[in-house]
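protein29.cif (mmCIF, N, CA and C atoms) appears below.
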```cif
data_protein
loop_
_atom_site.label_atom_id
_atom_site.label_comp_id
_atom_site.auth_asym_id
_atom_site.auth_seq_id
_atom_site.Cartn_x
_atom_site.Cartn_y
_atom_site.Cartn_z
N MET A 30 8.24 -4.65 59.17
CA MET A 30 9.22 -4.54 58.11
C MET A 30 9.22 -3.11 57.60
N SER A 31 10.41 -2.53 57.55
CA SER A 31 10.48 -1.14 57.14
C SER A 31 11.86 -0.81 56.61
N ILE A 32 11.93 0.32 55.89
CA ILE A 32 13.21 0.87 55.47
C ILE A 32 13.24 2.33 55.88
N HIS A 33 14.44 2.81 56.17
CA HIS A 33 14.62 4.18 56.63
C HIS A 33 15.80 4.81 55.91
N LEU A 34 15.74 6.12 55.70
CA LEU A 34 16.85 6.84 55.08
C LEU A 34 17.94 7.19 56.08
N ILE A 35 17.56 7.27 57.34
CA ILE A 35 18.53 7.44 58.43
C ILE A 35 18.22 6.35 59.46
N PRO A 36 19.23 5.88 60.16
CA PRO A 36 18.96 4.78 61.10
C PRO A 36 18.11 5.24 62.27
N PRO A 37 17.10 4.46 62.62
CA PRO A 37 16.32 4.77 63.83
C PRO A 37 17.22 4.73 65.06
N ALA A 38 16.82 5.40 66.11
CA ALA A 38 17.63 5.51 67.33
C ALA A 38 18.04 4.15 67.88
N ASP A 39 17.17 3.16 67.80
CA ASP A 39 17.46 1.84 68.35
C ASP A 39 17.97 0.86 67.30
N PHE A 40 18.41 1.35 66.16
CA PHE A 40 18.89 0.51 65.04
C PHE A 40 20.23 -0.13 65.40
N ARG A 41 20.33 -1.44 65.25
CA ARG A 41 21.55 -2.18 65.53
C ARG A 41 21.80 -3.14 64.36
N ALA A 42 22.56 -2.68 63.37
CA ALA A 42 22.80 -3.49 62.17
C ALA A 42 23.57 -4.75 62.51
N GLU A 43 23.03 -5.88 62.07
CA GLU A 43 23.69 -7.16 62.26
C GLU A 43 24.43 -7.59 61.00
N MET A 44 24.13 -6.95 59.86
CA MET A 44 24.86 -7.22 58.64
C MET A 44 24.72 -6.04 57.70
N GLU A 45 25.61 -6.04 56.70
CA GLU A 45 25.63 -4.99 55.70
C GLU A 45 25.60 -5.67 54.34
N CYS A 46 24.78 -5.15 53.44
CA CYS A 46 24.59 -5.75 52.12
C CYS A 46 24.71 -4.68 51.04
N ALA A 47 24.85 -5.13 49.81
CA ALA A 47 24.84 -4.22 48.66
C ALA A 47 24.12 -4.91 47.52
N GLY A 48 23.40 -4.12 46.74
CA GLY A 48 22.68 -4.65 45.59
C GLY A 48 22.71 -3.68 44.44
N CYS A 49 22.31 -4.18 43.27
CA CYS A 49 22.39 -3.36 42.06
C CYS A 49 21.15 -3.53 41.20
N PHE A 50 20.55 -2.41 40.84
CA PHE A 50 19.51 -2.39 39.82
C PHE A 50 20.23 -2.37 38.48
N ILE A 51 20.09 -3.44 37.71
CA ILE A 51 20.69 -3.51 36.38
C ILE A 51 19.58 -3.15 35.40
N VAL A 52 19.81 -2.05 34.67
CA VAL A 52 18.73 -1.42 33.91
C VAL A 52 19.09 -1.31 32.43
N VAL A 53 18.11 -1.62 31.58
CA VAL A 53 18.18 -1.37 30.13
C VAL A 53 16.88 -0.66 29.78
N GLU A 54 16.99 0.62 29.40
CA GLU A 54 15.83 1.47 29.12
C GLU A 54 14.87 1.43 30.31
N ASP A 55 13.65 0.87 30.13
CA ASP A 55 12.69 0.84 31.23
C ASP A 55 12.56 -0.55 31.85
N LEU A 56 13.55 -1.41 31.60
CA LEU A 56 13.53 -2.77 32.13
C LEU A 56 14.61 -2.94 33.21
N ILE A 57 14.27 -3.73 34.22
CA ILE A 57 15.19 -4.02 35.32
C ILE A 57 15.35 -5.53 35.41
N LEU A 58 16.57 -6.00 35.63
CA LEU A 58 16.83 -7.43 35.76
C LEU A 58 16.51 -7.87 37.18
N TYR A 59 15.57 -8.82 37.30
CA TYR A 59 15.19 -9.39 38.59
C TYR A 59 15.46 -10.89 38.58
N LEU A 60 15.85 -11.39 39.75
CA LEU A 60 16.23 -12.79 39.90
C LEU A 60 15.32 -13.48 40.90
N LYS A 61 14.98 -14.72 40.59
CA LYS A 61 14.17 -15.54 41.50
C LYS A 61 15.11 -16.42 42.33
N ARG A 62 15.00 -16.28 43.64
CA ARG A 62 15.87 -17.00 44.56
C ARG A 62 15.56 -18.50 44.56
N HIS A 63 16.61 -19.29 44.63
CA HIS A 63 16.47 -20.74 44.70
C HIS A 63 15.69 -21.09 45.97
N ILE A 64 14.89 -22.13 45.89
CA ILE A 64 14.04 -22.53 47.03
C ILE A 64 14.86 -22.85 48.27
N SER A 65 16.11 -23.29 48.09
CA SER A 65 16.95 -23.65 49.23
C SER A 65 17.56 -22.43 49.94
N ARG A 66 17.45 -21.26 49.35
CA ARG A 66 18.04 -20.04 49.91
C ARG A 66 17.05 -19.38 50.87
N PRO A 67 17.54 -18.56 51.81
CA PRO A 67 16.60 -17.79 52.64
C PRO A 67 15.65 -16.98 51.73
N TYR A 68 14.41 -16.94 52.09
CA TYR A 68 13.37 -16.28 51.29
C TYR A 68 13.29 -16.88 49.89
N GLY A 69 13.48 -18.19 49.80
CA GLY A 69 13.41 -18.90 48.53
C GLY A 69 12.10 -18.65 47.80
N GLU A 70 12.20 -18.69 46.46
CA GLU A 70 11.06 -18.50 45.58
C GLU A 70 10.57 -17.06 45.54
N THR A 71 11.34 -16.12 46.09
CA THR A 71 10.99 -14.71 45.97
C THR A 71 11.95 -14.05 44.99
N TRP A 72 11.57 -12.86 44.52
CA TRP A 72 12.33 -12.15 43.50
C TRP A 72 13.02 -10.92 44.10
N GLY A 73 14.19 -10.61 43.53
CA GLY A 73 14.91 -9.42 43.96
C GLY A 73 16.03 -9.09 42.99
N ILE A 74 16.69 -7.99 43.25
CA ILE A 74 17.83 -7.58 42.45
C ILE A 74 19.06 -8.38 42.89
N PRO A 75 20.11 -8.45 42.07
CA PRO A 75 21.34 -9.08 42.54
C PRO A 75 21.86 -8.33 43.77
N ALA A 76 22.11 -9.07 44.83
CA ALA A 76 22.53 -8.45 46.09
C ALA A 76 23.12 -9.52 47.00
N GLY A 77 23.86 -9.05 48.00
CA GLY A 77 24.39 -9.99 48.97
C GLY A 77 25.14 -9.30 50.08
N LYS A 78 25.63 -10.11 51.00
CA LYS A 78 26.29 -9.62 52.21
C LYS A 78 27.72 -9.17 51.95
N LYS A 79 28.09 -8.13 52.66
CA LYS A 79 29.47 -7.63 52.66
C LYS A 79 30.36 -8.68 53.32
N GLU A 80 31.57 -8.85 52.75
CA GLU A 80 32.55 -9.77 53.32
C GLU A 80 33.78 -8.99 53.76
N GLY A 81 34.23 -9.23 54.98
CA GLY A 81 35.45 -8.61 55.48
C GLY A 81 35.43 -7.10 55.40
N ASP A 82 36.50 -6.54 54.86
CA ASP A 82 36.62 -5.08 54.79
C ASP A 82 36.24 -4.52 53.42
N GLU A 83 35.39 -5.24 52.68
CA GLU A 83 34.93 -4.75 51.39
C GLU A 83 34.20 -3.42 51.54
N THR A 84 34.31 -2.59 50.52
CA THR A 84 33.47 -1.40 50.44
C THR A 84 32.13 -1.83 49.87
N PRO A 85 31.09 -1.00 50.00
CA PRO A 85 29.81 -1.35 49.38
C PRO A 85 29.94 -1.59 47.86
N LEU A 86 30.73 -0.78 47.17
CA LEU A 86 30.92 -0.97 45.73
C LEU A 86 31.58 -2.32 45.44
N GLN A 87 32.58 -2.69 46.20
CA GLN A 87 33.23 -3.99 46.01
C GLN A 87 32.26 -5.14 46.27
N THR A 88 31.44 -4.99 47.31
CA THR A 88 30.44 -6.02 47.61
C THR A 88 29.48 -6.18 46.45
N MET A 89 28.95 -5.06 45.96
CA MET A 89 28.01 -5.13 44.84
C MET A 89 28.64 -5.79 43.63
N ARG A 90 29.84 -5.36 43.26
CA ARG A 90 30.51 -5.94 42.08
C ARG A 90 30.76 -7.44 42.25
N ARG A 91 31.20 -7.85 43.44
CA ARG A 91 31.43 -9.28 43.69
C ARG A 91 30.13 -10.07 43.59
N GLU A 92 29.08 -9.56 44.21
CA GLU A 92 27.80 -10.28 44.19
C GLU A 92 27.24 -10.41 42.77
N VAL A 93 27.31 -9.35 41.99
CA VAL A 93 26.82 -9.42 40.60
C VAL A 93 27.67 -10.41 39.80
N GLN A 94 28.97 -10.41 40.03
CA GLN A 94 29.86 -11.36 39.35
C GLN A 94 29.51 -12.79 39.76
N GLU A 95 29.30 -13.04 41.06
CA GLU A 95 28.98 -14.39 41.53
C GLU A 95 27.62 -14.86 41.03
N GLU A 96 26.65 -13.98 41.03
CA GLU A 96 25.28 -14.38 40.69
C GLU A 96 25.02 -14.42 39.19
N LEU A 97 25.74 -13.58 38.42
CA LEU A 97 25.43 -13.43 36.99
C LEU A 97 26.65 -13.56 36.07
N GLY A 98 27.86 -13.63 36.63
CA GLY A 98 29.05 -13.64 35.79
C GLY A 98 29.22 -12.35 35.02
N LEU A 99 28.65 -11.28 35.52
CA LEU A 99 28.65 -9.99 34.85
C LEU A 99 29.55 -9.02 35.60
N ASP A 100 30.46 -8.37 34.87
CA ASP A 100 31.33 -7.36 35.47
C ASP A 100 30.68 -5.99 35.37
N ILE A 101 30.47 -5.36 36.50
CA ILE A 101 29.93 -4.00 36.52
C ILE A 101 31.12 -3.05 36.57
N VAL A 102 31.38 -2.37 35.46
CA VAL A 102 32.51 -1.44 35.41
C VAL A 102 32.06 0.00 35.64
N SER A 103 30.79 0.26 35.39
CA SER A 103 30.26 1.60 35.60
C SER A 103 28.92 1.51 36.32
N SER A 104 28.81 2.23 37.41
CA SER A 104 27.55 2.23 38.16
C SER A 104 27.42 3.57 38.87
N ARG A 105 26.24 3.79 39.38
CA ARG A 105 25.96 5.00 40.14
C ARG A 105 25.42 4.59 41.50
N PHE A 106 25.94 5.21 42.55
CA PHE A 106 25.45 4.95 43.90
C PHE A 106 24.09 5.60 44.05
N LEU A 107 23.12 4.81 44.48
CA LEU A 107 21.75 5.30 44.63
C LEU A 107 21.48 5.76 46.05
N GLY A 108 21.99 5.05 47.04
CA GLY A 108 21.76 5.43 48.42
C GLY A 108 21.90 4.25 49.36
N THR A 109 21.83 4.56 50.64
CA THR A 109 21.90 3.56 51.70
C THR A 109 20.58 3.55 52.44
N LEU A 110 20.08 2.35 52.65
CA LEU A 110 18.83 2.17 53.40
C LEU A 110 19.13 1.39 54.67
N TYR A 111 18.40 1.73 55.71
CA TYR A 111 18.50 1.05 57.00
C TYR A 111 17.21 0.24 57.13
N CYS A 112 17.36 -1.07 57.05
CA CYS A 112 16.22 -1.97 56.90
C CYS A 112 15.97 -2.77 58.17
N ARG A 113 14.68 -3.01 58.38
CA ARG A 113 14.24 -3.82 59.52
C ARG A 113 13.30 -4.91 59.03
N ILE A 114 13.59 -6.10 59.51
CA ILE A 114 12.66 -7.20 59.38
C ILE A 114 12.57 -7.80 60.78
N PRO A 115 11.61 -8.65 61.04
CA PRO A 115 11.53 -9.20 62.40
C PRO A 115 12.87 -9.80 62.83
N ASP A 116 13.34 -9.35 63.97
CA ASP A 116 14.56 -9.87 64.60
C ASP A 116 15.86 -9.55 63.86
N LEU A 117 15.84 -8.60 62.92
CA LEU A 117 17.08 -8.28 62.21
C LEU A 117 17.07 -6.85 61.67
N ASP A 118 18.12 -6.12 61.99
CA ASP A 118 18.39 -4.81 61.38
C ASP A 118 19.58 -5.00 60.45
N TYR A 119 19.50 -4.43 59.24
CA TYR A 119 20.62 -4.53 58.31
C TYR A 119 20.70 -3.28 57.45
N ILE A 120 21.90 -3.04 56.93
CA ILE A 120 22.16 -1.90 56.06
C ILE A 120 22.21 -2.40 54.63
N LEU A 121 21.56 -1.67 53.72
CA LEU A 121 21.54 -2.03 52.31
C LEU A 121 22.01 -0.85 51.47
N HIS A 122 23.14 -1.03 50.78
CA HIS A 122 23.67 -0.02 49.86
C HIS A 122 23.19 -0.37 48.46
N LEU A 123 22.61 0.60 47.77
CA LEU A 123 22.04 0.35 46.45
C LEU A 123 22.78 1.11 45.36
N PHE A 124 22.95 0.42 44.23
CA PHE A 124 23.60 0.98 43.06
C PHE A 124 22.71 0.76 41.84
N VAL A 125 22.99 1.52 40.78
CA VAL A 125 22.31 1.35 39.50
C VAL A 125 23.38 1.23 38.43
N ALA A 126 23.25 0.22 37.58
CA ALA A 126 24.13 0.05 36.41
C ALA A 126 23.23 0.04 35.18
N THR A 127 23.47 0.98 34.29
CA THR A 127 22.64 1.12 33.10
C THR A 127 23.40 0.62 31.87
N PHE A 128 22.72 -0.15 31.05
CA PHE A 128 23.29 -0.69 29.83
C PHE A 128 22.43 -0.28 28.64
N PRO A 129 23.03 -0.08 27.45
CA PRO A 129 22.23 0.29 26.28
C PRO A 129 21.43 -0.88 25.73
N VAL A 130 21.95 -2.10 25.89
CA VAL A 130 21.25 -3.32 25.49
C VAL A 130 21.48 -4.34 26.60
N PRO A 131 20.64 -5.36 26.68
CA PRO A 131 20.84 -6.36 27.74
C PRO A 131 22.22 -7.00 27.64
N PRO A 132 23.01 -6.94 28.72
CA PRO A 132 24.33 -7.55 28.68
C PRO A 132 24.22 -9.07 28.78
N PRO A 133 25.16 -9.80 28.17
CA PRO A 133 25.14 -11.26 28.34
C PRO A 133 25.50 -11.62 29.77
N PHE A 134 24.84 -12.62 30.30
CA PHE A 134 25.12 -13.09 31.65
C PHE A 134 24.77 -14.56 31.74
N TYR A 135 25.25 -15.21 32.79
CA TYR A 135 24.82 -16.57 33.09
C TYR A 135 24.26 -16.55 34.50
N LEU A 136 23.30 -17.39 34.75
CA LEU A 136 22.63 -17.42 36.05
C LEU A 136 23.27 -18.49 36.93
N ASN A 137 23.72 -18.10 38.12
CA ASN A 137 24.24 -19.05 39.10
C ASN A 137 23.04 -19.83 39.65
N THR A 138 22.86 -21.04 39.17
CA THR A 138 21.65 -21.80 39.51
C THR A 138 21.67 -22.37 40.92
N GLU A 139 22.78 -22.21 41.65
CA GLU A 139 22.78 -22.60 43.06
C GLU A 139 22.08 -21.53 43.89
N GLU A 140 22.05 -20.29 43.38
CA GLU A 140 21.43 -19.18 44.10
C GLU A 140 20.08 -18.76 43.54
N HIS A 141 19.92 -18.88 42.21
CA HIS A 141 18.70 -18.40 41.56
C HIS A 141 18.22 -19.39 40.51
N THR A 142 16.93 -19.39 40.27
CA THR A 142 16.37 -20.32 39.29
C THR A 142 15.86 -19.63 38.03
N GLU A 143 15.77 -18.31 38.06
CA GLU A 143 15.21 -17.61 36.91
C GLU A 143 15.66 -16.15 36.94
N ALA A 144 15.77 -15.57 35.75
CA ALA A 144 16.08 -14.14 35.60
C ALA A 144 15.13 -13.58 34.55
N ARG A 145 14.63 -12.39 34.81
CA ARG A 145 13.70 -11.74 33.87
C ARG A 145 13.99 -10.25 33.80
N TRP A 146 13.90 -9.71 32.58
CA TRP A 146 13.92 -8.26 32.37
C TRP A 146 12.47 -7.79 32.48
N LEU A 147 12.18 -6.92 33.44
CA LEU A 147 10.81 -6.54 33.74
C LEU A 147 10.66 -5.04 33.92
N LYS A 148 9.46 -4.56 33.63
CA LYS A 148 9.11 -3.17 33.92
C LYS A 148 8.68 -3.11 35.38
N PRO A 149 8.83 -1.93 36.01
CA PRO A 149 8.48 -1.83 37.43
C PRO A 149 7.07 -2.31 37.77
N ASP A 150 6.09 -2.05 36.92
CA ASP A 150 4.73 -2.49 37.24
C ASP A 150 4.62 -4.02 37.19
N GLN A 151 5.43 -4.68 36.37
CA GLN A 151 5.45 -6.15 36.34
C GLN A 151 6.11 -6.69 37.60
N ILE A 152 7.16 -6.00 38.05
CA ILE A 152 7.89 -6.43 39.25
C ILE A 152 6.96 -6.41 40.45
N GLU A 153 6.12 -5.39 40.53
CA GLU A 153 5.20 -5.26 41.67
C GLU A 153 4.25 -6.45 41.80
N GLN A 154 4.03 -7.18 40.71
CA GLN A 154 3.11 -8.32 40.73
C GLN A 154 3.77 -9.61 41.21
N LEU A 155 5.09 -9.60 41.34
CA LEU A 155 5.82 -10.80 41.74
C LEU A 155 5.86 -10.94 43.27
N PRO A 156 6.07 -12.17 43.75
CA PRO A 156 6.36 -12.33 45.18
C PRO A 156 7.79 -11.85 45.43
N LEU A 157 7.93 -10.67 46.01
CA LEU A 157 9.24 -10.06 46.20
C LEU A 157 9.85 -10.44 47.53
N ILE A 158 11.18 -10.41 47.58
CA ILE A 158 11.91 -10.65 48.83
C ILE A 158 11.45 -9.63 49.87
N VAL A 159 11.61 -9.95 51.12
CA VAL A 159 11.18 -9.06 52.20
C VAL A 159 11.75 -7.65 51.96
N ASN A 160 10.92 -6.65 52.13
CA ASN A 160 11.22 -5.24 51.87
C ASN A 160 11.45 -4.94 50.39
N GLY A 161 11.25 -5.92 49.51
CA GLY A 161 11.50 -5.74 48.07
C GLY A 161 10.67 -4.66 47.42
N LYS A 162 9.41 -4.57 47.80
CA LYS A 162 8.56 -3.54 47.20
C LYS A 162 9.02 -2.14 47.64
N LYS A 163 9.41 -2.01 48.90
CA LYS A 163 9.88 -0.72 49.40
C LYS A 163 11.19 -0.32 48.72
N VAL A 164 12.07 -1.29 48.49
CA VAL A 164 13.33 -1.01 47.79
C VAL A 164 13.05 -0.59 46.35
N LEU A 165 12.12 -1.25 45.69
CA LEU A 165 11.74 -0.86 44.33
C LEU A 165 11.18 0.55 44.31
N HIS A 166 10.36 0.90 45.29
CA HIS A 166 9.81 2.26 45.36
C HIS A 166 10.91 3.29 45.60
N PHE A 167 11.91 2.93 46.40
CA PHE A 167 13.04 3.83 46.60
C PHE A 167 13.75 4.07 45.27
N PHE A 168 13.95 3.01 44.49
CA PHE A 168 14.56 3.15 43.16
C PHE A 168 13.71 4.06 42.28
N ARG A 169 12.42 3.83 42.27
CA ARG A 169 11.53 4.67 41.44
C ARG A 169 11.61 6.14 41.86
N ASP A 170 11.70 6.39 43.16
CA ASP A 170 11.71 7.76 43.68
C ASP A 170 13.07 8.43 43.58
N HIS A 171 14.17 7.65 43.62
CA HIS A 171 15.49 8.25 43.72
C HIS A 171 16.45 7.87 42.59
N GLY A 172 16.06 6.96 41.75
CA GLY A 172 17.01 6.52 40.73
C GLY A 172 16.47 6.45 39.33
N ALA A 173 15.21 6.07 39.21
CA ALA A 173 14.67 5.84 37.88
C ALA A 173 14.64 7.09 37.02
N GLU A 174 14.36 8.23 37.62
CA GLU A 174 14.25 9.48 36.83
C GLU A 174 15.60 9.93 36.30
N GLN A 175 16.69 9.40 36.85
CA GLN A 175 18.02 9.79 36.40
C GLN A 175 18.60 8.88 35.35
N GLN A 176 17.85 7.87 34.93
CA GLN A 176 18.35 6.96 33.90
C GLN A 176 18.34 7.65 32.54
N ASN A 177 19.27 7.23 31.68
CA ASN A 177 19.36 7.79 30.32
C ASN A 177 18.36 7.12 29.42
#
```
As structure tokens:
Amino acid sequence: MSIHLIPPADFRAEMECAGCFIVVEDLILYLKRHISRPYGETWGIPAGKKEGDETPLQTMRREVQEELGLDIVSSRFLGTLYCRIPDLDYILHLFVATFPVPPPFYLNTEEHTEARWLKPDQIEQLPLIVNGKKVLHFFRDHGAEQQN
């Protein structure tokens, strides 16, 4: 399992995804995946697969709306990662949306069972989705220092 900033020579993406770090001060919103979902009972940021000819931004906005009922009107593109897990290469586009106070949201309980505002060191203690710790480290290295 690995993430790369540029695709490895033998990289063959089978899907493209987008996700968003939703941030309030030093807290990030993390969601626990429903047990019936792939990688159930693990934690991650709101994210999901690209549909049709969506742009990464459109995918992220749709996924956040579906998972949280939250409209992301302002965000910053963090970067694209080329991810590998056993038997699957995929592209992950990451965004950051910063709010001054926690925005109201509802949790889509078909996809997730819990949502928590957490500090990065608390997130590291959770059972994270595959490559989740590496994605969090990418955020810490490339996005967290730019937050207001």
Check chain A with DSSP on the backbone and list each residue it calls alpha helix (DSSP H), as an MDAnalysis selection string.
chainID A and resid 85:97 149:152 161:171
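Atom N of A:Thr127 is found 5.8 Å from atom C of A:Ser103.
Within the 8 Å cut-off around A:Lys78, using only N, CA and C atoms and omitting residues fewer than 4 positions from it on the same chain, the listed residues are Met44, Glu45, Cys46, Ala47, Gly48, Thr88, Met89 and Glu92 of chain A.
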Write out as an NGL selection string the set of residues from chain A that DSSP, computed on the backbone, places in strand (DSSP E or B).
:A and (31-33 or 42-53 or 56-62 or 72-73 or 76-78 or 105-114 or 117-128 or 141-147 or 157)
Written as a ChimeraX atom specification, which residues does the PyMOL selection byres (((chain A and resi 134-147 and name CA) around 7) and name CA) give for the file shown?
/A:56-63,66,96-99,132-133,148-149,151-152
Pull N, CA and C atoms from the residues just selected and write them as a PDB file, in the frame of the given file.
```pdb
ATOM      1  N   LEU A  56      13.550  -1.410  31.600  1.00  0.00           N
ATOM      2  CA  LEU A  56      13.530  -2.770  32.130  1.00  0.00           C
ATOM      3  C   LEU A  56      14.610  -2.940  33.210  1.00  0.00           C
ATOM      4  N   ILE A  57      14.270  -3.730  34.220  1.00  0.00           N
ATOM      5  CA  ILE A  57      15.190  -4.020  35.320  1.00  0.00           C
ATOM      6  C   ILE A  57      15.350  -5.530  35.410  1.00  0.00           C
ATOM      7  N   LEU A  58      16.570  -6.000  35.630  1.00  0.00           N
ATOM      8  CA  LEU A  58      16.830  -7.430  35.760  1.00  0.00           C
ATOM      9  C   LEU A  58      16.510  -7.870  37.180  1.00  0.00           C
ATOM     10  N   TYR A  59      15.570  -8.820  37.300  1.00  0.00           N
ATOM     11  CA  TYR A  59      15.190  -9.390  38.590  1.00  0.00           C
ATOM     12  C   TYR A  59      15.460 -10.890  38.580  1.00  0.00           C
ATOM     13  N   LEU A  60      15.850 -11.390  39.750  1.00  0.00           N
ATOM     14  CA  LEU A  60      16.230 -12.790  39.900  1.00  0.00           C
ATOM     15  C   LEU A  60      15.320 -13.480  40.900  1.00  0.00           C
ATOM     16  N   LYS A  61      14.980 -14.720  40.590  1.00  0.00           N
ATOM     17  CA  LYS A  61      14.170 -15.540  41.500  1.00  0.00           C
ATOM     18  C   LYS A  61      15.110 -16.420  42.330  1.00  0.00           C
ATOM     19  N   ARG A  62      15.000 -16.280  43.640  1.00  0.00           N
ATOM     20  CA  ARG A  62      15.870 -17.000  44.560  1.00  0.00           C
ATOM     21  C   ARG A  62      15.560 -18.500  44.560  1.00  0.00           C
ATOM     22  N   HIS A  63      16.610 -19.290  44.630  1.00  0.00           N
ATOM     23  CA  HIS A  63      16.470 -20.740  44.700  1.00  0.00           C
ATOM     24  C   HIS A  63      15.690 -21.090  45.970  1.00  0.00           C
ATOM     25  N   ARG A  66      17.450 -21.260  49.350  1.00  0.00           N
ATOM     26  CA  ARG A  66      18.040 -20.040  49.910  1.00  0.00           C
ATOM     27  C   ARG A  66      17.050 -19.380  50.870  1.00  0.00           C
ATOM     28  N   GLU A  96      26.650 -13.980  41.030  1.00  0.00           N
ATOM     29  CA  GLU A  96      25.280 -14.380  40.690  1.00  0.00           C
ATOM     30  C   GLU A  96      25.020 -14.420  39.190  1.00  0.00           C
ATOM     31  N   LEU A  97      25.740 -13.580  38.420  1.00  0.00           N
ATOM     32  CA  LEU A  97      25.430 -13.430  36.990  1.00  0.00           C
ATOM     33  C   LEU A  97      26.650 -13.560  36.070  1.00  0.00           C
ATOM     34  N   GLY A  98      27.860 -13.630  36.630  1.00  0.00           N
ATOM     35  CA  GLY A  98      29.050 -13.640  35.790  1.00  0.00           C
ATOM     36  C   GLY A  98      29.220 -12.350  35.020  1.00  0.00           C
ATOM     37  N   LEU A  99      28.650 -11.280  35.520  1.00  0.00           N
ATOM     38  CA  LEU A  99      28.650  -9.990  34.850  1.00  0.00           C
ATOM     39  C   LEU A  99      29.550  -9.020  35.600  1.00  0.00           C
ATOM     40  N   PRO A 132      23.010  -6.940  28.720  1.00  0.00           N
ATOM     41  CA  PRO A 132      24.330  -7.550  28.680  1.00  0.00           C
ATOM     42  C   PRO A 132      24.220  -9.070  28.780  1.00  0.00           C
ATOM     43  N   PRO A 133      25.160  -9.800  28.170  1.00  0.00           N
ATOM     44  CA  PRO A 133      25.140 -11.260  28.340  1.00  0.00           C
ATOM     45  C   PRO A 133      25.500 -11.620  29.770  1.00  0.00           C
ATOM     46  N   LYS A 148       9.460  -4.560  33.630  1.00  0.00           N
ATOM     47  CA  LYS A 148       9.110  -3.170  33.920  1.00  0.00           C
ATOM     48  C   LYS A 148       8.680  -3.110  35.380  1.00  0.00           C
ATOM     49  N   PRO A 149       8.830  -1.930  36.010  1.00  0.00           N
ATOM     50  CA  PRO A 149       8.480  -1.830  37.430  1.00  0.00           C
ATOM     51  C   PRO A 149       7.070  -2.310  37.770  1.00  0.00           C
ATOM     52  N   GLN A 151       5.430  -4.680  36.370  1.00  0.00           N
ATOM     53  CA  GLN A 151       5.450  -6.150  36.340  1.00  0.00           C
ATOM     54  C   GLN A 151       6.110  -6.690  37.600  1.00  0.00           C
ATOM     55  N   ILE A 152       7.160  -6.000  38.050  1.00  0.00           N
ATOM     56  CA  ILE A 152       7.890  -6.430  39.250  1.00  0.00           C
ATOM     57  C   ILE A 152       6.960  -6.410  40.450  1.00  0.00           C
TER      58      ILE A 152
END
```
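The gap separating atom C of A:Glu54 from atom N of A:Phe128 is 8.0 Å, in Å to one decimal.
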Need the shell around A:Lys163: protein/DNA/RNA residues with any atom at most 10 Å away, counting only C-alpha atoms. Skip same-chain ones fewer than 5 positions apart. Format as a list of chain:residue names?
A:Met30, A:Ser31, A:Ile32, A:His33, A:Cys112, A:Leu157, A:Phe168, A:Arg169
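Atom CA of A:Glu70 lies 24.3 Å from atom C of A:Val125.
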Given the file shown, determine the residues that the PyMOL selection byres ((chain A and resi 119) around 5) selects; report them as a PyMOL selection string.
chain A and resi 42-44+111-112+117-118+120-121
Box in all listed atoms of stretch 148-163 of chain A, axis-aligned, with 4 Å more on each side; write out centre and edge lengths in Å to one decimal as AutoDock Vina command-line options.
```
--center_x 7.5 --center_y -6.3 --center_z 42.9 --size_x 16.8 --size_y 20.0 --size_z 26.6
```
